Amino acid sequence: MKAALLIALFISSNTDINLLIAKLQTRYGKMRSLAADFTQVYTDRSGRRLVERGNLVLKRPDKMRWEYNSPEKKLFLVNGSKIYFYVPADKQLTITSIRESEDPRTPFLFLLGRTNLRKDFAKIEASTESPTKAGNVVLELVPKKINSSFERGYAEVDPQTAQVYRITLISPSGARSDFLLTNIQENYSANDALFVFTPPAGTQILR
């Protein structure tokens, strides 16, 4: 907690915050794609936790692929205006509009192509929450539009490089989703075929 407080004091002025936001916008605003391994930790308000792991690929504009490997195989795919969620064990594919979705993974799209984060968030300020890696800074982000899965969030950032290592999303109910990124590859060569999914025969499709 002491280390977190010192970090928060270090970036407490508006000038420091604006500088870090400018670095984030410069780094990710020009990035074409990103690949990483992820660990997703979901904690409900009672304290129960679910830990999942897999691989993530983001590509401009508005493409995402979350491939879960543990503890259960799942695929969460965003291709422009549609979201595809496939669970092999259930033989079910759910297709929804990205505009109608309140899934906690969709805010990740803000990482690529954003040149003015102030337009996306009502508030961005330093947080006293402890970073997972010493020396990193945690920013608190409050969206302009709150939905059932996203009331506020945290972005853990290396202040020197402006690389994001963790994104945390807090729902109005108090549930928390932590997404920790490792083995990050920027401007990853992501073929568009990664964001196209044809369900196996016998799959139930829900819309």
# chains A, B, ... in the order shown; residues from 1 in each chain; ligands from 1

$ residues_around --residues "Arg32 (chain A)" --least-positions-apart "5" --cutoff "12 Å" --atoms "only C-alpha atoms" --output "MDAnalysis selection string"
chainID A and resid 27 57:63 109 111:114 185:191

$ select_by_dssp --residues "region 11-128 of chain A" --states "strand (DSSP E)" --output "PyMOL selection string"
chain A and resi 33-43+49-59+63-70+74-79+82-87+92-97+121-126

$ select_by_dssp --residues "region 31-183 of chain A" --states "alpha helix (DSSP H)" --output "PyMOL selection string"
chain A and resi 117-120

$ write_last_selection --atoms "C-alpha atoms" --output "tab-separated table (two decimals), in the first residue's frame"
chain	number	residue	atom	x	y	z
A	117	LEU	CA	-9.20	8.94	-24.49
A	118	ARG	CA	-10.87	11.93	-22.82
A	119	LYS	CA	-13.73	11.51	-25.30
A	120	ASP	CA	-14.27	7.90	-24.21

$ closest_residue --among "A:Ile205, A:Phe197, A:Phe108, A:Gly153" --to "Glu125 (chain A)" --atoms "only C-alpha atoms"
A:Gly153

$ atom_distance --atom1 "CA of Glu67 (chain A)" --atom2 "CA of Ala155 (chain A)"
21.8 Å
